[in-house]
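Shown next: data-v8.txt, containing compact mmCIF, C-alpha atoms.
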# COMPACT_ATOMS: atom_id res chain seq x y z
CA MET W 456 119.97 88.56 82.41
CA GLU W 457 117.24 91.10 82.90
CA ASN W 458 115.06 88.44 84.41
CA ASN W 459 117.84 87.61 86.83
CA LEU W 460 118.09 91.22 87.96
CA SER W 461 114.38 91.65 88.50
CA SER W 462 114.07 88.38 90.43
CA ALA W 463 116.95 89.34 92.68
CA ASP W 464 115.42 92.76 93.06
CA GLU W 465 112.07 91.23 93.91
CA LEU W 466 113.60 89.03 96.62
CA LYS W 467 115.40 92.02 98.06
CA THR W 468 112.17 94.02 98.25
CA ILE W 469 110.38 91.09 99.90
CA ARG W 470 113.10 90.76 102.55
CA LYS W 471 113.03 94.50 103.18
CA ILE W 472 109.26 94.54 103.68
CA MET W 473 109.45 91.50 105.99
CA GLU W 474 112.16 93.16 108.05
CA GLU W 475 110.46 96.55 108.24
CA SER W 476 107.03 95.17 109.06
CA SER W 477 108.21 92.87 111.85
CA ARG W 478 110.83 95.01 113.55
CA PHE W 479 110.73 98.50 115.02
CA LEU W 480 113.68 100.13 113.29
CA SER W 481 113.13 103.70 114.43
CA LEU W 482 114.97 103.12 117.70
CA SER W 483 117.93 105.46 117.55
CA GLY W 484 121.39 104.87 119.00
CA LEU W 485 121.15 108.41 120.33
CA SER W 486 118.33 107.24 122.64
CA GLY W 487 120.85 104.89 124.26
CA VAL W 488 123.53 107.56 124.53
CA SER W 489 121.15 110.10 126.09
CA ALA W 490 119.76 107.52 128.56
CA GLY W 491 123.33 106.70 129.59
CA LEU W 492 124.23 110.37 130.06
CA PHE W 493 121.15 110.97 132.23
CA ALA W 494 122.03 107.91 134.32
CA VAL W 495 125.57 109.23 134.88
CA ALA W 496 124.18 112.68 135.76
CA GLY W 497 121.64 111.09 138.12
CA THR W 498 124.41 109.10 139.82
CA LEU W 499 126.49 112.25 140.27
CA VAL W 500 123.49 114.04 141.81
CA ALA W 501 122.95 111.08 144.15
CA TRP W 502 126.60 110.85 145.10
CA LEU W 503 127.34 114.56 145.52
CA PHE W 504 124.10 115.99 146.88
CA ILE W 505 122.04 113.19 148.39
CA LEU W 506 124.80 110.98 149.80
CA LYS W 507 127.13 113.97 150.37
CA GLY W 508 130.10 112.58 148.48
CA GLY W 509 130.04 109.22 150.20
CA SER W 510 129.85 110.54 153.74
CA VAL W 511 126.35 109.09 153.88
CA ARG W 512 126.49 105.37 153.17
CA TYR W 513 123.40 103.78 151.70
CA ASP W 514 124.10 100.10 152.31
CA GLU W 515 124.60 98.31 155.63
CA TYR W 516 124.63 101.49 157.64
CA PHE W 517 121.52 102.67 155.86
CA ARG W 518 119.67 99.49 156.67
CA SER W 519 120.62 99.59 160.32
CA LEU W 520 118.92 102.95 160.72
CA SER W 521 115.23 103.09 161.38
CA GLN W 522 113.04 103.91 158.41
CA VAL W 523 112.17 107.30 159.87
CA ASP W 524 115.77 108.49 160.03
CA THR W 525 116.45 107.73 156.41
CA PHE W 526 113.01 108.56 155.08
CA SER W 527 113.94 111.78 153.30
CA LEU W 528 117.21 110.33 151.95
CA ARG W 529 115.38 107.38 150.53
CA TRP W 530 112.78 109.43 148.77
CA GLN W 531 115.36 111.79 147.40
CA LEU W 532 117.10 108.79 145.83
CA VAL W 533 113.80 107.49 144.48
CA ALA W 534 112.96 110.93 143.02
CA ASP W 535 116.42 111.09 141.45
CA ALA W 536 115.98 107.64 139.85
CA LEU W 537 112.50 108.55 138.60
CA ALA W 538 113.86 111.77 137.07
CA VAL W 539 116.47 109.71 135.20
CA LEU W 540 113.76 107.29 134.01
CA GLY W 541 111.47 110.14 132.89
CA LEU W 542 114.15 112.10 131.04
CA SER W 543 115.57 108.96 129.38
CA SER W 544 112.14 107.83 128.19
CA PHE W 545 111.29 111.29 126.89
CA PHE W 546 114.49 111.57 124.88
CA ALA W 547 114.26 107.96 123.66
CA LEU W 548 110.88 108.89 122.22
CA TYR W 549 112.19 112.19 120.83
CA PHE W 550 115.10 110.54 118.98
CA SER W 551 112.84 107.77 117.66
CA VAL W 552 110.34 110.29 116.29
CA ARG W 553 113.21 112.18 114.70
CA LYS W 554 114.70 109.04 113.13
CA ALA W 555 111.30 107.89 111.82
CA ARG W 556 110.61 111.31 110.26
CA LYS W 557 114.01 111.45 108.65
CA ALA W 558 113.50 108.02 107.07
CA GLY W 559 109.88 108.83 106.17
CA ASN W 560 108.62 105.93 108.28
CA VAL W 561 105.50 105.69 110.43
CA LEU W 562 106.28 105.45 114.14
CA TRP W 563 103.05 103.89 115.40
CA THR W 564 102.63 100.48 113.74
CA PRO W 565 101.43 97.06 114.96
CA VAL W 566 105.11 96.22 115.63
CA THR W 567 105.53 99.29 117.83
CA LYS W 568 102.60 98.13 119.92
CA ARG W 569 104.00 94.61 120.18
CA LEU W 570 107.43 95.97 121.11
CA LEU W 571 106.03 98.19 123.86
CA LEU W 572 103.86 95.41 125.26
CA ASN W 573 106.71 92.90 125.40
CA PHE W 574 109.08 95.48 126.85
CA SER W 575 106.74 96.87 129.48
CA ILE W 576 105.49 93.65 131.05
CA PRO W 577 108.86 92.58 132.56
CA LEU W 578 109.70 96.24 133.23
CA ALA W 579 106.46 96.97 135.11
CA THR W 580 106.81 93.69 137.02
CA GLY W 581 110.30 94.80 138.05
CA GLY W 582 109.03 98.27 138.97
CA ILE W 583 106.35 96.87 141.27
CA PHE W 584 108.79 94.33 142.74
CA ILE W 585 111.26 97.13 143.49
CA ILE W 586 108.60 99.19 145.24
CA ILE W 587 107.86 96.12 147.39
CA LEU W 588 111.57 95.67 148.16
CA LEU W 589 111.76 99.33 149.13
CA LEU W 590 108.72 99.10 151.41
CA GLN W 591 110.09 95.94 153.05
CA ASN W 592 113.47 97.56 153.58
CA HIS W 593 115.52 95.26 151.33
CA ILE W 594 117.64 98.17 150.16
CA GLN W 595 120.55 95.97 149.12
CA LEU W 596 118.44 94.24 146.45
CA LEU W 597 117.15 97.39 144.73
CA VAL W 598 119.99 97.84 142.25
CA PRO W 599 120.26 94.12 141.36
CA GLY W 600 116.46 94.06 140.91
CA MET W 601 116.47 97.07 138.60
CA LEU W 602 119.29 95.68 136.45
CA ILE W 603 117.85 92.16 136.22
CA PHE W 604 114.29 93.19 135.33
CA TYR W 605 115.48 95.85 132.90
CA GLY W 606 117.71 93.24 131.29
CA LEU W 607 114.78 90.83 130.96
CA ALA W 608 112.68 93.61 129.39
CA LEU W 609 115.40 94.32 126.81
CA LEU W 610 115.83 90.63 126.08
CA ASN W 611 112.12 90.35 125.40
CA ALA W 612 112.13 93.48 123.22
CA GLY W 613 114.97 92.03 121.14
CA LYS W 614 112.54 90.08 118.95
CA PHE W 615 110.81 93.25 117.81
CA THR W 616 113.65 95.67 117.16
CA TYR W 617 117.39 95.49 116.45
CA GLY W 618 118.69 92.09 117.61
CA GLU W 619 121.66 93.71 119.36
CA ILE W 620 119.39 94.81 122.18
CA PHE W 621 119.13 91.13 123.21
CA TYR W 622 122.83 91.16 124.12
CA LEU W 623 122.55 94.44 125.99
CA GLY W 624 119.77 92.78 128.02
CA LEU W 625 121.97 89.76 128.69
CA LEU W 626 124.77 92.00 129.98
CA GLU W 627 122.36 93.87 132.27
CA ILE W 628 121.11 90.59 133.74
CA ILE W 629 124.64 89.29 134.38
CA LEU W 630 125.59 92.63 135.93
CA GLY W 631 122.48 92.52 138.15
CA LEU W 632 123.35 89.03 139.40
CA ILE W 633 126.91 90.10 140.25
CA ALA W 634 125.52 93.20 141.93
CA ALA W 635 123.36 90.97 144.12
CA LEU W 636 126.55 89.28 145.36
CA MET W 637 128.21 92.62 146.14
CA PRO W 638 125.52 94.64 147.92
CA SER W 639 127.85 97.42 149.09
CA PHE W 640 128.64 98.55 145.57
CA GLY W 641 125.12 99.17 144.31
CA LEU W 642 125.74 102.66 143.05
CA TYR W 643 128.76 101.56 140.99
CA PHE W 644 126.80 98.76 139.36
CA TRP W 645 123.92 101.13 138.71
CA VAL W 646 126.08 103.72 136.95
CA PHE W 647 127.85 101.00 134.97
CA GLY W 648 124.66 99.20 133.88
CA PHE W 649 122.45 102.17 133.17
CA GLY W 650 125.16 104.71 132.33
CA ILE W 651 128.25 103.26 130.70
CA LEU W 652 126.58 100.27 128.96
CA HIS W 653 123.90 102.54 127.45
CA ILE W 654 126.44 105.05 126.17
CA VAL W 655 128.67 102.35 124.63
CA TYR W 656 125.69 100.49 123.13
CA GLY W 657 124.06 103.68 121.81
CA PHE W 658 127.29 104.88 120.25
CA PHE W 659 127.88 101.49 118.63
CA MET W 660 124.31 101.37 117.23
CA TYR W 661 124.52 104.92 115.96
CA ARG W 662 127.77 104.19 114.15
CA LYS W 663 126.45 100.94 112.71
CA TYR W 664 123.01 102.01 111.48
CA GLU W 665 122.79 105.78 111.36
CA SER W 666 125.99 107.24 109.99
CA MET S 518 114.08 77.21 82.32
CA LYS S 519 110.48 77.14 81.06
CA ASP S 520 109.53 74.92 84.01
CA ILE S 521 110.73 77.42 86.51
CA ILE S 522 108.85 80.30 84.97
CA SER S 523 105.63 78.37 84.75
CA GLY S 524 106.10 77.49 88.42
CA LEU S 525 105.91 81.16 89.36
CA ASN S 526 102.52 81.72 90.81
CA LYS S 527 100.45 84.13 88.71
CA ILE S 528 98.68 85.45 91.79
CA PHE S 529 101.94 86.98 93.06
CA ASP S 530 102.60 88.89 89.85
CA SER S 531 101.94 92.29 91.29
CA ARG S 532 104.35 94.10 93.57
CA ILE S 533 101.57 95.13 95.92
CA ARG S 534 100.39 91.54 96.33
CA LEU S 535 103.98 90.48 96.99
CA GLY S 536 104.19 93.23 99.58
CA ILE S 537 100.97 92.17 101.28
CA MET S 538 102.12 88.55 101.46
CA SER S 539 105.58 89.58 102.75
CA VAL S 540 103.98 91.48 105.63
CA LEU S 541 101.57 88.66 106.46
CA MET S 542 104.30 86.01 106.41
CA VAL S 543 106.05 87.60 109.38
CA ASN S 544 103.03 89.03 111.23
CA ASP S 545 100.11 86.99 112.58
CA SER S 546 97.73 89.73 111.52
CA PHE S 547 97.94 93.27 110.18
CA ASP S 548 95.19 95.88 109.87
CA PHE S 549 94.22 97.73 106.70
CA ASN S 550 95.60 101.13 107.63
CA SER S 551 98.94 99.77 108.81
CA LEU S 552 99.23 97.79 105.58
CA LYS S 553 98.48 100.94 103.63
CA GLU S 554 101.20 102.86 105.45
CA THR S 555 103.76 100.07 105.26
CA LEU S 556 103.30 99.53 101.53
CA ASP S 557 102.59 103.20 100.75
CA VAL S 558 99.61 102.58 98.45
CA THR S 559 96.16 104.12 98.03
CA ASP S 560 93.00 102.73 99.66
CA GLY S 561 91.40 101.55 96.44
CA ASN S 562 94.53 99.96 95.10
CA LEU S 563 95.20 98.06 98.30
CA ALA S 564 91.56 96.98 98.64
CA SER S 565 91.45 95.49 95.15
CA HIS S 566 94.65 93.50 95.65
CA LEU S 567 93.46 92.27 99.05
CA LYS S 568 90.23 91.17 97.43
CA ALA S 569 92.13 89.22 94.76
CA LEU S 570 94.26 87.46 97.38
CA GLU S 571 91.20 86.71 99.47
CA GLU S 572 89.38 85.18 96.50
CA LYS S 573 92.34 82.89 95.85
CA ASN S 574 92.23 81.85 99.51
CA MET S 575 95.71 83.23 100.14
CA ILE S 576 94.59 85.50 102.98
CA ARG S 577 91.83 85.59 105.58
CA VAL S 578 89.84 88.69 106.55
CA ASN S 579 88.95 89.37 110.18
CA LYS S 580 86.38 92.09 110.76
CA GLN S 581 85.90 93.42 114.26
CA PHE S 582 85.01 96.58 116.13
CA ILE S 583 87.40 98.53 118.31
CA GLY S 584 84.96 100.58 120.34
CA ARG S 585 82.61 101.85 117.67
CA ARG S 586 85.06 101.91 114.83
CA PRO S 587 85.22 98.98 112.46
CA ASN S 588 88.66 97.47 112.13
CA THR S 589 89.59 95.06 109.38
CA SER S 590 92.69 92.96 109.71
CA TYR S 591 94.21 90.32 107.49
CA SER S 592 96.16 87.10 108.04
CA ALA S 593 97.81 84.68 105.63
CA THR S 594 96.11 81.29 105.33
CA GLU S 595 98.17 78.09 105.52
CA GLU S 596 97.64 77.71 101.79
CA GLY S 597 98.81 81.27 101.24
CA LYS S 598 101.95 80.75 103.30
CA LEU S 599 102.75 77.55 101.44
CA SER S 600 102.23 79.15 98.01
CA PHE S 601 104.30 82.17 98.94
CA ARG S 602 107.17 80.01 100.22
CA LEU S 603 107.06 78.08 96.97
CA HIS S 604 107.10 81.35 95.05
CA LEU S 605 110.18 82.51 96.99
CA LYS S 606 111.90 79.22 96.32
CA ASN S 607 111.15 79.54 92.62
CA LEU S 608 112.58 83.04 92.59
CA GLU S 609 115.75 81.80 94.26
CA ASP S 610 116.08 78.89 91.82
CA LEU S 611 115.58 81.26 88.92
CA ILE S 612 118.47 83.39 90.11
CA LYS S 613 120.71 80.36 90.65
CA THR S 614 120.15 78.87 87.19
CA GLN S 615 121.17 82.01 85.36
Could you spell out this file's structure in structure tokens?
Amino acid sequence: MENNLSSADELKTIRKIMEESSRFLSLSGLSGVSAGLFAVAGTLVAWLFILKGGSVRYDEYFRSLSQVDTFSLRWQLVADALAVLGLSSFFALYFSVRKARKAGNVLWTPVTKRLLLNFSIPLATGGIFIIILLLQNHIQLLVPGMLIFYGLALLNAGKFTYGEIFYLGLLEIILGLIAALMPSFGLYFWVFGFGILHIVYGFFMYRKYES
Amino acid sequence: MKDIISGLNKIFDSRIRLGIMSVLMVNDSFDFNSLKETLDVTDGNLASHLKALEEKNMIRVNKQFIGRRPNTSYSATEEGKLSFRLHLKNLEDLIKTQ
């Protein structure tokens, strides 16, 4: 009987080490929630202050204007999006550090490096592609591009952290493709994909793994 | 019953060696310091177990330099992976028979 217990125990330990050494488990659900909240806040800023509550349209009308007329609007929107990206990344890191400390785990491991590499290649590709779209005046494809490439990045990261992130990535990709078909509703798709989905996902992950 | 126990590979007797093999089964390679942190063991202890596994041809040592600092990483050999899988299977069978 004792032998049984120790063998079972041994297998359990082996599985735990395999899991911990091949997956980055310090990613906190709170990172998702905070990223979602910043995205919603960023959308409100864009809607209320930059697009003046919808009185400035950013789709067909926007494109029909010359680049000079909309230059400042454009860069305000870009600055707003970059602020959301910066704040979300900062707090994602903050909550991960906090979770790792709490669990007594090391944050910077070979898996962390692999995760970041696999996440950032599709993301950086998307970032550069979006800058090109912006410079070539394909405004209507910006939001679909962001959602699709972000989704691909998440999908790729799924192998190195919680598997659930794979499905979040899949949803973002599907949303991005639909957004490409409905170019006038970019802002709605953006707030849904980066705001609502992140909040729901983060809350779900927090409930499942951290409470 | 006796058969199963004798099938358990002596080389995997220690918890640290089991830990090392577990990490190397799911990672192509892992460096010394990361192994130390993952398994939470001392330098000397880890080094001696790595040496034992290396001598039995269970793992391979790759020495390289990152800038000026030496960096030693380890990978499981095919033989090591096979033996470890067999060891896991034996453990599972042992649990089932009791």
Checklist entry - For W:Glu665, which residue out of W:Phe550, W:Trp502, W:Phe615, W:Trp563 is the nearest one, using all atoms listed in the file? => result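 Result for the nearest residue to W:Glu665: W:Phe550.
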At most 8 Å is the cut-off: for each residue in chain S with any atom that close to an atom of chain W, write down the nearest atom pair and the distance in Å rounded to one decimal, counting all atoms listed in the file, chain first then increasing number, as a Markdown table.
| residue | atom | partner | partner_atom | distance |
| --- | --- | --- | --- | --- |
| S:Leu535 | CA | W:Ile469 | CA | 7.1 |
| S:Gly536 | CA | W:Ile469 | CA | 6.6 |
| S:Ser539 | CA | W:Met473 | CA | 5.4 |
| S:Val540 | CA | W:Met473 | CA | 5.5 |
| S:Met542 | CA | W:Met473 | CA | 7.5 |
| S:Val543 | CA | W:Met473 | CA | 6.2 |
| S:Asn544 | CA | W:Ser477 | CA | 6.5 |
| S:Phe547 | CA | W:Pro565 | CA | 7.0 |
| S:Ser551 | CA | W:Thr564 | CA | 6.2 |
| S:Glu554 | CA | W:Val561 | CA | 7.2 |
| S:Thr555 | CA | W:Ser476 | CA | 7.0 |
| S:Leu605 | CA | W:Leu466 | CA | 7.4 |
| S:Leu608 | CA | W:Ser462 | CA | 5.9 |
| S:Glu609 | CA | W:Ser462 | CA | 7.8 |
| S:Leu611 | CA | W:Asn459 | CA | 7.1 |
| S:Ile612 | CA | W:Asn459 | CA | 5.4 |
| S:Gln615 | CA | W:Asn459 | CA | 6.7 |
Store the residues picked out above in a file with C-alpha atoms, as a PDB file, in the frame of the given file.
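Result file is result_2.pdb:
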ATOM      1  CA  LEU S 535     103.980  90.480  96.990  1.00  0.00           C
ATOM      2  CA  GLY S 536     104.190  93.230  99.580  1.00  0.00           C
ATOM      3  CA  SER S 539     105.580  89.580 102.750  1.00  0.00           C
ATOM      4  CA  VAL S 540     103.980  91.480 105.630  1.00  0.00           C
ATOM      5  CA  MET S 542     104.300  86.010 106.410  1.00  0.00           C
ATOM      6  CA  VAL S 543     106.050  87.600 109.380  1.00  0.00           C
ATOM      7  CA  ASN S 544     103.030  89.030 111.230  1.00  0.00           C
ATOM      8  CA  PHE S 547      97.940  93.270 110.180  1.00  0.00           C
ATOM      9  CA  SER S 551      98.940  99.770 108.810  1.00  0.00           C
ATOM     10  CA  GLU S 554     101.200 102.860 105.450  1.00  0.00           C
ATOM     11  CA  THR S 555     103.760 100.070 105.260  1.00  0.00           C
ATOM     12  CA  LEU S 605     110.180  82.510  96.990  1.00  0.00           C
ATOM     13  CA  LEU S 608     112.580  83.040  92.590  1.00  0.00           C
ATOM     14  CA  GLU S 609     115.750  81.800  94.260  1.00  0.00           C
ATOM     15  CA  LEU S 611     115.580  81.260  88.920  1.00  0.00           C
ATOM     16  CA  ILE S 612     118.470  83.390  90.110  1.00  0.00           C
ATOM     17  CA  GLN S 615     121.170  82.010  85.360  1.00  0.00           C
TER      18      GLN S 615
END
Checklist entry - If you count only C-alpha atoms, which residues fall within 12 Å of S:Ala569, apart from same-chain ones fewer than 3 positions away, as a list in words? => result Lys527, Ile528, Phe529, Asp530, Ser531, Ile533, Arg534, Ile537, Asn562, Leu563, Ala564, Ser565, His566, Glu572, Lys573, Asn574, Met575, Ile576 and Arg577 of chain S
Checklist entry - Taking (111.4, 107.3, 147.6) in the file's coordinates as the center, which residues reach within 12 Å of it, counting all atoms listed in the file, put as a PyMOL selection string? => result chain W and resi 522+525-538+585-590+592+594+597
Item to check | Ref. answer, residues at most 12 Å from (128.7, 92.3, 129.5) with all atoms listed in the file, as a PyMOL selection string | outcome: chain W and resi 606+621-633+644+647-648+651-653+655-656
Next on the checklist: Please report the interatomic distance between atom CA of S:Lys568 and atom CA of S:Phe582 in Å with one decimal.
Outcome noted: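 Value for the atom CA of S:Lys568-atom CA of S:Phe582 distance: 20.2 Å.
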As an mmCIF file, keeping the file's coordinate frame, please: stretch 549-583 of chain S completed to N, CA and C atoms.
data_model
loop_
_atom_site.group_PDB
_atom_site.id
_atom_site.type_symbol
_atom_site.label_atom_id
_atom_site.label_comp_id
_atom_site.auth_asym_id
_atom_site.auth_seq_id
_atom_site.Cartn_x
_atom_site.Cartn_y
_atom_site.Cartn_z
ATOM 1 N N PHE S 549 94.230 97.082 108.013
ATOM 2 C CA PHE S 549 94.220 97.730 106.700
ATOM 3 C C PHE S 549 95.084 98.987 106.663
ATOM 4 N N ASN S 550 94.869 99.873 107.653
ATOM 5 C CA ASN S 550 95.600 101.130 107.630
ATOM 6 C C ASN S 550 97.102 100.964 107.779
ATOM 7 N N SER S 551 97.506 100.006 108.635
ATOM 8 C CA SER S 551 98.940 99.770 108.810
ATOM 9 C C SER S 551 99.546 99.187 107.530
ATOM 10 N N LEU S 552 98.780 98.330 106.862
ATOM 11 C CA LEU S 552 99.230 97.790 105.580
ATOM 12 C C LEU S 552 99.429 98.905 104.563
ATOM 13 N N LYS S 553 98.450 99.819 104.565
ATOM 14 C CA LYS S 553 98.480 100.940 103.630
ATOM 15 C C LYS S 553 99.734 101.788 103.851
ATOM 16 N N GLU S 554 100.028 102.042 105.129
ATOM 17 C CA GLU S 554 101.200 102.860 105.450
ATOM 18 C C GLU S 554 102.507 102.130 105.153
ATOM 19 N N THR S 555 102.541 100.841 105.490
ATOM 20 C CA THR S 555 103.760 100.070 105.260
ATOM 21 C C THR S 555 104.091 99.981 103.778
ATOM 22 N N LEU S 556 103.056 99.745 102.960
ATOM 23 C CA LEU S 556 103.300 99.530 101.530
ATOM 24 C C LEU S 556 103.197 100.820 100.721
ATOM 25 N N ASP S 557 102.705 101.892 101.386
ATOM 26 C CA ASP S 557 102.590 103.200 100.750
ATOM 27 C C ASP S 557 101.759 103.137 99.454
ATOM 28 N N VAL S 558 100.523 102.659 99.593
ATOM 29 C CA VAL S 558 99.610 102.580 98.450
ATOM 30 C C VAL S 558 98.281 103.250 98.793
ATOM 31 N N THR S 559 97.456 103.477 97.774
ATOM 32 C CA THR S 559 96.160 104.120 98.030
ATOM 33 C C THR S 559 95.145 103.083 98.509
ATOM 34 N N ASP S 560 94.072 103.584 99.139
ATOM 35 C CA ASP S 560 93.000 102.730 99.660
ATOM 36 C C ASP S 560 92.463 101.761 98.607
ATOM 37 N N GLY S 561 92.068 102.337 97.471
ATOM 38 C CA GLY S 561 91.400 101.550 96.440
ATOM 39 C C GLY S 561 92.296 100.478 95.871
ATOM 40 N N ASN S 562 93.545 100.863 95.644
ATOM 41 C CA ASN S 562 94.530 99.960 95.100
ATOM 42 C C ASN S 562 94.762 98.773 96.042
ATOM 43 N N LEU S 563 94.962 99.098 97.314
ATOM 44 C CA LEU S 563 95.200 98.060 98.300
ATOM 45 C C LEU S 563 93.990 97.133 98.427
ATOM 46 N N ALA S 564 92.798 97.753 98.470
ATOM 47 C CA ALA S 564 91.560 96.980 98.640
ATOM 48 C C ALA S 564 91.388 95.971 97.504
ATOM 49 N N SER S 565 91.680 96.400 96.276
ATOM 50 C CA SER S 565 91.450 95.490 95.150
ATOM 51 C C SER S 565 92.436 94.316 95.165
ATOM 52 N N HIS S 566 93.675 94.593 95.572
ATOM 53 C CA HIS S 566 94.650 93.500 95.650
ATOM 54 C C HIS S 566 94.343 92.548 96.798
ATOM 55 N N LEU S 567 93.851 93.113 97.916
ATOM 56 C CA LEU S 567 93.460 92.270 99.050
ATOM 57 C C LEU S 567 92.317 91.345 98.646
ATOM 58 N N LYS S 568 91.391 91.934 97.893
ATOM 59 C CA LYS S 568 90.230 91.170 97.430
ATOM 60 C C LYS S 568 90.687 89.980 96.567
ATOM 61 N N ALA S 569 91.623 90.277 95.654
ATOM 62 C CA ALA S 569 92.130 89.220 94.760
ATOM 63 C C ALA S 569 92.784 88.099 95.562
ATOM 64 N N LEU S 570 93.582 88.468 96.554
ATOM 65 C CA LEU S 570 94.260 87.460 97.380
ATOM 66 C C LEU S 570 93.260 86.661 98.209
ATOM 67 N N GLU S 571 92.222 87.375 98.662
ATOM 68 C CA GLU S 571 91.200 86.710 99.470
ATOM 69 C C GLU S 571 90.449 85.679 98.631
ATOM 70 N N GLU S 572 90.119 86.082 97.389
ATOM 71 C CA GLU S 572 89.380 85.180 96.500
ATOM 72 C C GLU S 572 90.158 83.916 96.189
ATOM 73 N N LYS S 573 91.496 84.062 96.124
ATOM 74 C CA LYS S 573 92.340 82.890 95.850
ATOM 75 C C LYS S 573 92.660 82.119 97.122
ATOM 76 N N ASN S 574 92.029 82.533 98.232
ATOM 77 C CA ASN S 574 92.230 81.850 99.510
ATOM 78 C C ASN S 574 93.667 81.931 100.029
ATOM 79 N N MET S 575 94.347 83.033 99.663
ATOM 80 C CA MET S 575 95.710 83.230 100.140
ATOM 81 C C MET S 575 95.704 83.919 101.499
ATOM 82 N N ILE S 576 94.685 84.781 101.700
ATOM 83 C CA ILE S 576 94.590 85.500 102.980
ATOM 84 C C ILE S 576 93.177 85.377 103.562
ATOM 85 N N ARG S 577 93.089 85.669 104.856
ATOM 86 C CA ARG S 577 91.830 85.590 105.580
ATOM 87 C C ARG S 577 91.526 86.997 106.100
ATOM 88 N N VAL S 578 90.243 87.369 106.079
ATOM 89 C CA VAL S 578 89.840 88.690 106.550
ATOM 90 C C VAL S 578 89.171 88.560 107.910
ATOM 91 N N ASN S 579 89.605 89.373 108.878
ATOM 92 C CA ASN S 579 88.950 89.370 110.180
ATOM 93 C C ASN S 579 88.358 90.752 110.426
ATOM 94 N N LYS S 580 87.027 90.797 110.502
ATOM 95 C CA LYS S 580 86.380 92.090 110.760
ATOM 96 C C LYS S 580 85.974 92.153 112.221
ATOM 97 N N GLN S 581 86.313 93.251 112.867
ATOM 98 C CA GLN S 581 85.900 93.420 114.260
ATOM 99 C C GLN S 581 85.721 94.897 114.568
ATOM 100 N N PHE S 582 85.181 95.185 115.736
ATOM 101 C CA PHE S 582 85.010 96.580 116.130
ATOM 102 C C PHE S 582 85.944 96.894 117.282
ATOM 103 N N ILE S 583 86.644 98.031 117.171
ATOM 104 C CA ILE S 583 87.400 98.530 118.310
ATOM 105 C C ILE S 583 86.628 99.727 118.804
#
